[in-house]
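K.L.:
Have a look at this one before I ask anything.
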Amino acid sequence: MIRTVCAIFSIAAMAACASPVGMTRGAADRTDIALDDLSPETARQFMDAVAIESTGRIDPVFSPDGEQIAFTYRDTIRVVSTSDGTPVARWTGDELAEIAGVSLADIDIEIQQEPFQALLKFKGGALALPLVAGAEPVAASPREVPRMVRAMFPMNGYDRRENLSPDGRVFASLDGPDLAIRHVGRDEVRVLTAETNPARKWFHGNDIWEASGTIWASDSSTFIARLHDATQTPGIDIIDYLGDGDEHSVFAYWARAGEPLPRTELYAVNAQTGALTRLSPPGTINDHLFFIEWSPSNDAILAIQYARDLSRQDIFVIDIQTGAARTLVTRTEEQGWVKWPSGPQTIRHIPAGGYLLRSDEDGFFQYYRLSESGETIAQLTQGEVDVGEVIGFSPDGEWLYYTSPVSPQRPYDRIPHRVSLDGGAPQELSDQAGVHDATLSPDGRYLVSVHSDRNRASRTDLLSADGTFIATLAQTTLPETLNGLPLPEPFTVMAADGETMMHGTLMKPRGFDPARSYPVIHRVYGAMQSRVQRSGFWPEGLGYPGAEYSLMLNYLADAGYIVVTIDAPGSPGRGRAYNLAQQENWPGTTPDDYAAGLLELARSRPWMDTERIGIDGNSWGGYVALYSALERPDIYKTISISVPEIDLRDHVQWIEWQIGTPQDNPDIYANGNLANRIDELESDIMIVAGMSDVNVPISNTMKLLDGLAEAGKPYDLVIFPGTNHAHQGRGDRYAYAVERIRTFHDAHLKPED
């Protein structure tokens, strides 16, 4: 099976393959850019340039025998020995251009594991280059690129592409609302279903939340499809104001709080005959159902079903021939919190037999080994930390490799560990703090780990399976300051109760002078499914969702602000009690926790001007920012909120996972409508919103504007027609929003400038 690791489109993108950012040149010259006027282009250029060239990040591909590693690095392809990291082969950009007979900028490079080769693709042809010294390239036929078969506007970024079978012969495809199959190299599409109800649509693959394996059985015989039935879901109205007329659509892919949910049905699809078998776990329209992964024998799948409020989690083994399901595990709040359906995969097969479950029944997420019948055989990991992702299993079935913090003092670290599946103490495999992205060799003898920390740029290390250091394959050279910006500063402060420790990150302006006094921007999120701060190196990471916000914070720091992020109680990564601290009372004590943390921070940092603090938040962070400004007018002078919730009823059903349904908790929803409290607002306010938002409908912003007008409150407003929740999804709209946010805070927090 071919494993595609990275496609490279230019010399600049070569660096991007070594790093998701890789586009940092010239930011040190940023000091001559004036910030007096609105300049979205300045914001875009800065955010494109602020991240240093991350030469310490590579995407390693092991040879099938595990003896060698290949990767792209800047403008070269490199092959090294796993035994000691010494070079085996190397091709420079000039050599690759000469081999292909075209400019390097016109070559796409794909490193493949089996066969172990580099595929050089260019207009008019393709060459396969065996990854051994002195190899001669041969003509090749690159795999056909999957077609985009369903635009998911206005979801931005979740467009559906065809899904290729492991043998490379068949695509799981879509045709309008229907499920289809397309053979590679053929234009005709074989349509398998015939939907006439516009509210019923077929998909291959999961929704956007629960982590899962490939939809294809490993023998390419069958794939998993999903019927999404939104017949009973009212949907969200969308009007395309940028079209020729008032084009209207109803987005019913998900529901508002309290509304009937779309119903999901799973099917096994025979790729040869096109026959569909309904996979039928028990459930109701109020459940979320997800495919997890195939069994090693390809005769069954794992599926997971959540109650709509996450109070219950059922895991099923479903036979693909009969569709019959048996319950493997059932968990409720009393047995351990049912996790938010995202993040590390909940359950998976252990190659040696049985299952690996990630559960927090002892208060922190740990790994448990289950029997074939679902009984707990052993708790493999322990401690007051939440374990992270599975790296893999050793081929001999002895070891589980995974990431985890080492201690509660650094709860957000992700360090490679291993533990015997037969029990025993876990072994820490690296002494480098921070966040590691590790790859296990096919033979289980080696690890390649790419790692960084909040104030340390990326490095890639080659390790033996027991953690013995072998060699550093790549390392970012980091100046004392980041292109003139001081490095981010981690800190800890106490919450409002004076007992609970909170972790945060502080960023300083270019040319920071401790004798000066600086205004502060406090960036918040404050919901139970996500943290606001990153654990890795701030300027890196354009390849992950939301990374633009990290770059925005760099930009605001460069504009002369102290930028602060704090993950208060109610955020994930520190065990169940911390995560659920605000449940059913959200946002609860979050504003007071923020205020306590900011004031404690400022006491030891007199250059933080507590009379000039602004707060900024996006989505649920927008709600928390406005709520905090209402609760603590003594702290926040300005507030900028993007795509903010205002009326909790007028929001996607996900809010129920924190405060229940409007039917069960009407008072919480009524009291949580911030439009009714706008007359209390003392802070200057700016709002950014997208008119095609299906996460937080634009009606939220309209209710806020109406409340501001009724209360006689002035406001700044940025509206993007035709734009969804992620407003950076349309060209330079995000750069425009960032500039407007900066100039808004400048006007109120830096009047002397």
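Every chain in the structure tokens has a letter given in the order shown (A, B, ...), and although residue numbers restart at 1 in each chain, ligands are simply numbered from 1 in the order shown.
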Skipping near chain neighbours, those fewer than 3 positions away, what residues fall within 8 Å of region 122-127 of chain A using only C-alpha atoms, listed as a ChimeraX atom specification?
P.N.:
/A:100,102,106-108,119,137-142
K.L.:
Report as a Markdown table: every residue of region 79-194 of chain A with an atom at most 12 Å from region 452-461 of chain A, its closest pair of atoms, and their distance in Å to one decimal, counting only C-alpha atoms, with rows sorted by chain and ascending residue number.
P.N.:
| residue | atom | partner | partner_atom | distance |
| --- | --- | --- | --- | --- |
| A:Thr82 | CA | A:Asp461 | CA | 10.9 |
| A:Asp84 | CA | A:Asp461 | CA | 11.2 |
| A:Gly85 | CA | A:Asp461 | CA | 9.4 |
K.L.:
For region 629-635 of chain A, please output as a PyMOL selection string all residues within 7 Å (counting only C-alpha atoms; exclusion window: fewer than 4 positions along the same chain).
P.N.:
chain A and resi 591+595+613+625+680-683
K.L.:
Kindly export the residues of the current selection with all heavy atoms, as an mmCIF file, in the first residue's frame.
P.N.:
data_model
loop_
_atom_site.group_PDB
_atom_site.id
_atom_site.type_symbol
_atom_site.label_atom_id
_atom_site.label_comp_id
_atom_site.auth_asym_id
_atom_site.auth_seq_id
_atom_site.Cartn_x
_atom_site.Cartn_y
_atom_site.Cartn_z
ATOM 1 N N PRO A 591 -15.080 34.301 34.518
ATOM 2 C CA PRO A 591 -14.611 35.693 34.576
ATOM 3 C C PRO A 591 -13.800 36.016 35.818
ATOM 4 O O PRO A 591 -12.776 36.721 35.746
ATOM 5 C CB PRO A 591 -15.914 36.502 34.524
ATOM 6 C CG PRO A 591 -16.889 35.603 33.851
ATOM 7 C CD PRO A 591 -16.539 34.227 34.332
ATOM 8 N N ALA A 595 -9.904 37.144 35.995
ATOM 9 C CA ALA A 595 -9.507 38.380 36.675
ATOM 10 C C ALA A 595 -8.441 38.107 37.726
ATOM 11 O O ALA A 595 -7.443 38.839 37.832
ATOM 12 C CB ALA A 595 -10.732 39.038 37.302
ATOM 13 N N ILE A 613 -6.713 46.988 29.786
ATOM 14 C CA ILE A 613 -6.839 45.583 29.411
ATOM 15 C C ILE A 613 -8.022 45.421 28.464
ATOM 16 O O ILE A 613 -9.139 45.872 28.757
ATOM 17 C CB ILE A 613 -7.042 44.671 30.636
ATOM 18 C CG1 ILE A 613 -5.856 44.785 31.597
ATOM 19 C CG2 ILE A 613 -7.221 43.219 30.199
ATOM 20 C CD1 ILE A 613 -5.999 43.932 32.850
ATOM 21 N N ALA A 625 -15.979 36.149 26.318
ATOM 22 C CA ALA A 625 -15.397 37.487 26.404
ATOM 23 C C ALA A 625 -16.454 38.521 26.773
ATOM 24 O O ALA A 625 -16.237 39.373 27.658
ATOM 25 C CB ALA A 625 -14.733 37.851 25.078
ATOM 26 N N GLU A 680 -25.878 46.799 30.733
ATOM 27 C CA GLU A 680 -24.849 46.777 31.772
ATOM 28 C C GLU A 680 -23.448 46.987 31.207
ATOM 29 O O GLU A 680 -22.496 47.182 31.972
ATOM 30 C CB GLU A 680 -24.862 45.428 32.495
ATOM 31 C CG GLU A 680 -26.192 45.024 33.101
ATOM 32 C CD GLU A 680 -26.157 43.592 33.610
ATOM 33 O OE1 GLU A 680 -25.058 43.129 34.017
ATOM 34 O OE2 GLU A 680 -27.196 42.914 33.583
ATOM 35 N N LEU A 681 -23.295 46.919 29.891
ATOM 36 C CA LEU A 681 -21.963 46.924 29.283
ATOM 37 C C LEU A 681 -21.276 48.276 29.467
ATOM 38 O O LEU A 681 -21.841 49.323 29.133
ATOM 39 C CB LEU A 681 -22.074 46.592 27.793
ATOM 40 C CG LEU A 681 -20.753 46.461 27.034
ATOM 41 C CD1 LEU A 681 -19.957 45.259 27.542
ATOM 42 C CD2 LEU A 681 -20.999 46.334 25.535
ATOM 43 N N GLU A 682 -20.063 48.259 29.998
ATOM 44 C CA GLU A 682 -19.264 49.476 30.166
ATOM 45 C C GLU A 682 -18.075 49.513 29.219
ATOM 46 O O GLU A 682 -17.474 50.566 29.026
ATOM 47 C CB GLU A 682 -18.772 49.573 31.616
ATOM 48 C CG GLU A 682 -19.902 49.659 32.642
ATOM 49 C CD GLU A 682 -19.383 49.769 34.061
ATOM 50 O OE1 GLU A 682 -18.211 50.167 34.252
ATOM 51 O OE2 GLU A 682 -20.152 49.443 34.992
ATOM 52 N N SER A 683 -17.708 48.397 28.623
ATOM 53 C CA SER A 683 -16.537 48.322 27.752
ATOM 54 C C SER A 683 -16.888 48.791 26.342
ATOM 55 O O SER A 683 -18.026 48.637 25.880
ATOM 56 C CB SER A 683 -16.017 46.884 27.672
ATOM 57 O OG SER A 683 -15.849 46.326 28.951
#
K.L.:
Report, in Å with one decimal, the straight-line distance from CA of Trp657 (chain A) to CA of Gln305 (chain A).
P.N.:
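Between these atoms lies a distance of 14.4 Å.
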K.L.:
For Gly66 (chain A), which residue among A:Ser173, A:Gln529, A:Ser692, A:Ser464 is the nearest when counting only C-alpha atoms?
P.N.:
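Residue with the minimum atom-to-atom distance to Gly66 (chain A): A:Ser464.
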K.L.:
Env of region 694-702 of chain A: 7 Å cut, atoms = only C-alpha atoms, seq-sep filter 2 positions within chain, self excluded. Answer as a list in words.
P.N.:
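Everything that qualifies: Ile236, Val643, Pro644, Glu645, Ile646, Asp647, Asp650, His651, Val652, Ala689, Gly690, Met691, Ser692, Leu704, Leu705, Asp706, Asn724 and His725 of chain A.
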K.L.:
As a ChimeraX atom specification, list the residues of region 523-669 of chain A assigned to helix (DSSP H, G or I) by DSSP on the backbone atoms of this structure.
P.N.:
/A:547-558,576-579,590-603,620-631,653-659,666-669
K.L.:
Can you tell me, as a list in words, what residues are no more than 8 Å from region 507-512 of chain A when counting only C-alpha atoms, ignoring any on the same chain fewer than 2 positions away?
P.N.:
Gly484, Leu485, Pro486, Leu487, Pro488, Glu489, Thr505, Pro514, Asn554, Ala557, Asp558, Ala559, Gly560, Tyr561, Ile562, Val563 and Val564 of chain A
K.L.:
Would you output that residue set with all heavy atoms, as a short mmCIF file (atom, residue, chain, number, x, y, z; two decimals), in the first residue's frame?
P.N.:
data_model
loop_
_atom_site.label_atom_id
_atom_site.label_comp_id
_atom_site.auth_asym_id
_atom_site.auth_seq_id
_atom_site.Cartn_x
_atom_site.Cartn_y
_atom_site.Cartn_z
N GLY A 484 12.82 39.52 16.36
CA GLY A 484 12.61 40.74 17.12
C GLY A 484 11.59 40.61 18.23
O GLY A 484 11.51 41.46 19.11
N LEU A 485 10.77 39.56 18.21
CA LEU A 485 9.79 39.35 19.28
C LEU A 485 10.39 38.48 20.37
O LEU A 485 10.99 37.45 20.07
CB LEU A 485 8.55 38.66 18.73
CG LEU A 485 7.61 39.48 17.85
CD1 LEU A 485 6.54 38.57 17.25
CD2 LEU A 485 6.95 40.58 18.66
N PRO A 486 10.25 38.87 21.64
CA PRO A 486 10.69 37.97 22.71
C PRO A 486 9.95 36.64 22.63
O PRO A 486 8.82 36.58 22.15
CB PRO A 486 10.33 38.75 23.98
CG PRO A 486 10.21 40.17 23.55
CD PRO A 486 9.71 40.14 22.15
N LEU A 487 10.58 35.59 23.11
CA LEU A 487 9.94 34.29 23.09
C LEU A 487 8.75 34.25 24.04
O LEU A 487 8.73 34.94 25.06
CB LEU A 487 10.95 33.21 23.49
CG LEU A 487 12.12 33.02 22.53
CD1 LEU A 487 13.08 31.97 23.08
CD2 LEU A 487 11.64 32.62 21.15
N PRO A 488 7.72 33.45 23.74
CA PRO A 488 6.57 33.33 24.64
C PRO A 488 7.00 32.86 26.03
O PRO A 488 7.94 32.09 26.18
CB PRO A 488 5.69 32.29 23.95
CG PRO A 488 6.10 32.34 22.51
CD PRO A 488 7.56 32.66 22.51
N GLU A 489 6.29 33.33 27.04
CA GLU A 489 6.64 33.04 28.44
C GLU A 489 5.52 32.22 29.10
O GLU A 489 4.43 32.74 29.32
CB GLU A 489 6.82 34.36 29.20
CG GLU A 489 7.08 34.19 30.68
CD GLU A 489 7.06 35.53 31.40
OE1 GLU A 489 7.44 36.56 30.78
OE2 GLU A 489 6.66 35.55 32.59
N THR A 505 0.09 31.52 28.94
CA THR A 505 1.24 31.95 28.13
C THR A 505 1.15 33.45 27.92
O THR A 505 0.07 33.99 27.69
CB THR A 505 1.25 31.24 26.76
OG1 THR A 505 1.29 29.83 26.97
CG2 THR A 505 2.44 31.66 25.93
N PRO A 514 11.16 46.76 29.99
CA PRO A 514 10.47 46.59 31.28
C PRO A 514 10.22 47.90 32.02
O PRO A 514 9.45 47.93 32.98
CB PRO A 514 11.41 45.68 32.07
CG PRO A 514 12.75 45.86 31.44
CD PRO A 514 12.49 46.11 29.99
N ASN A 554 0.61 36.83 17.73
CA ASN A 554 1.94 37.36 17.46
C ASN A 554 1.85 38.78 16.90
O ASN A 554 2.63 39.67 17.26
CB ASN A 554 2.66 36.46 16.45
CG ASN A 554 3.27 35.24 17.08
OD1 ASN A 554 4.26 35.31 17.78
ND2 ASN A 554 2.66 34.10 16.82
N ALA A 557 0.93 41.26 19.60
CA ALA A 557 2.10 41.53 20.44
C ALA A 557 3.05 42.48 19.73
O ALA A 557 3.57 43.43 20.32
CB ALA A 557 2.80 40.22 20.79
N ASP A 558 3.26 42.25 18.44
CA ASP A 558 4.17 43.10 17.67
C ASP A 558 3.64 44.53 17.57
O ASP A 558 4.41 45.47 17.40
CB ASP A 558 4.34 42.51 16.27
CG ASP A 558 5.51 43.13 15.53
OD1 ASP A 558 6.65 43.02 16.02
OD2 ASP A 558 5.29 43.73 14.47
N ALA A 559 2.32 44.68 17.70
CA ALA A 559 1.72 46.01 17.64
C ALA A 559 1.82 46.75 18.97
O ALA A 559 1.30 47.86 19.09
CB ALA A 559 0.26 45.91 17.21
N GLY A 560 2.48 46.14 19.97
CA GLY A 560 2.74 46.84 21.22
C GLY A 560 1.91 46.40 22.40
O GLY A 560 1.78 47.15 23.38
N TYR A 561 1.37 45.18 22.34
CA TYR A 561 0.55 44.68 23.45
C TYR A 561 1.23 43.53 24.18
O TYR A 561 1.99 42.76 23.59
CB TYR A 561 -0.80 44.17 22.92
CG TYR A 561 -1.70 45.26 22.40
CD1 TYR A 561 -1.70 45.60 21.05
CD2 TYR A 561 -2.53 45.96 23.27
CE1 TYR A 561 -2.52 46.62 20.58
CE2 TYR A 561 -3.35 46.98 22.80
CZ TYR A 561 -3.33 47.31 21.45
OH TYR A 561 -4.14 48.32 21.00
N ILE A 562 0.94 43.44 25.47
CA ILE A 562 1.19 42.20 26.20
C ILE A 562 -0.02 41.30 25.92
O ILE A 562 -1.16 41.68 26.21
CB ILE A 562 1.33 42.44 27.71
CG1 ILE A 562 2.46 43.43 27.99
CG2 ILE A 562 1.54 41.12 28.44
CD1 ILE A 562 3.84 42.94 27.57
N VAL A 563 0.19 40.15 25.33
CA VAL A 563 -0.90 39.25 24.97
C VAL A 563 -0.88 38.07 25.95
O VAL A 563 0.15 37.40 26.11
CB VAL A 563 -0.78 38.76 23.52
CG1 VAL A 563 -1.91 37.77 23.19
CG2 VAL A 563 -0.82 39.94 22.56
N VAL A 564 -2.02 37.80 26.58
CA VAL A 564 -2.11 36.79 27.63
C VAL A 564 -3.18 35.77 27.27
O VAL A 564 -4.28 36.14 26.84
CB VAL A 564 -2.43 37.43 29.00
CG1 VAL A 564 -2.64 36.36 30.07
CG2 VAL A 564 -1.33 38.40 29.41
#
K.L.:
Between CA of Tyr241 (chain A) and CA of Met148 (chain A), what distance in Å does the model show, to one decimal?
P.N.:
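The value is 24.9 Å.
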K.L.:
Within 6 Å of region 280-296 of chain A, counting only C-alpha atoms, which residues qualify if same-chain residues fewer than 6 places away don't, as a list of chain:residue names?
P.N.:
A:Ser212, A:Gly213, A:Leu261, A:Arg263, A:Leu302, A:Ala303, A:Ile304, A:Gln305, A:Tyr306, A:Ala307, A:Arg308, A:Gly323, A:Ala325
K.L.:
Work out how far CA of Ala735 (chain A) is from CA of Arg612 (chain A), in Å to one decimal.
P.N.:
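It comes out at 24.1 Å.
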K.L.:
Tyr525 (chain A): which residues within 6 Å, counting only C-alpha atoms, same-chain residues fewer than 2 positions away excluded, as a list in words?
P.N.:
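Contacts, with the query itself left out: Ala527, Val532, Gly617 and Gly621 of chain A.
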K.L.:
May I have the residues from that selection written out with all heavy atoms, as a compact mmCIF listing (two decimals), in the first residue's frame?
P.N.:
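And here is the file that came out, result-v1.txt:
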# COMPACT_ATOMS: atom_id res chain seq x y z
N ALA A 527 -14.43 27.28 26.87
CA ALA A 527 -15.42 26.20 26.77
C ALA A 527 -14.74 24.86 27.01
O ALA A 527 -13.52 24.73 26.92
CB ALA A 527 -16.10 26.21 25.41
N VAL A 532 -7.29 27.48 24.93
CA VAL A 532 -7.00 28.67 24.14
C VAL A 532 -5.52 28.77 23.81
O VAL A 532 -5.14 29.34 22.80
CB VAL A 532 -7.48 29.94 24.87
CG1 VAL A 532 -6.65 30.22 26.11
CG2 VAL A 532 -7.44 31.15 23.94
N GLY A 617 -12.18 37.27 21.95
CA GLY A 617 -12.60 35.87 21.89
C GLY A 617 -13.32 35.56 20.60
O GLY A 617 -13.90 36.45 19.95
N GLY A 621 -15.58 31.58 22.61
CA GLY A 621 -14.72 32.58 23.22
C GLY A 621 -15.31 33.97 23.13
O GLY A 621 -15.08 34.82 24.00
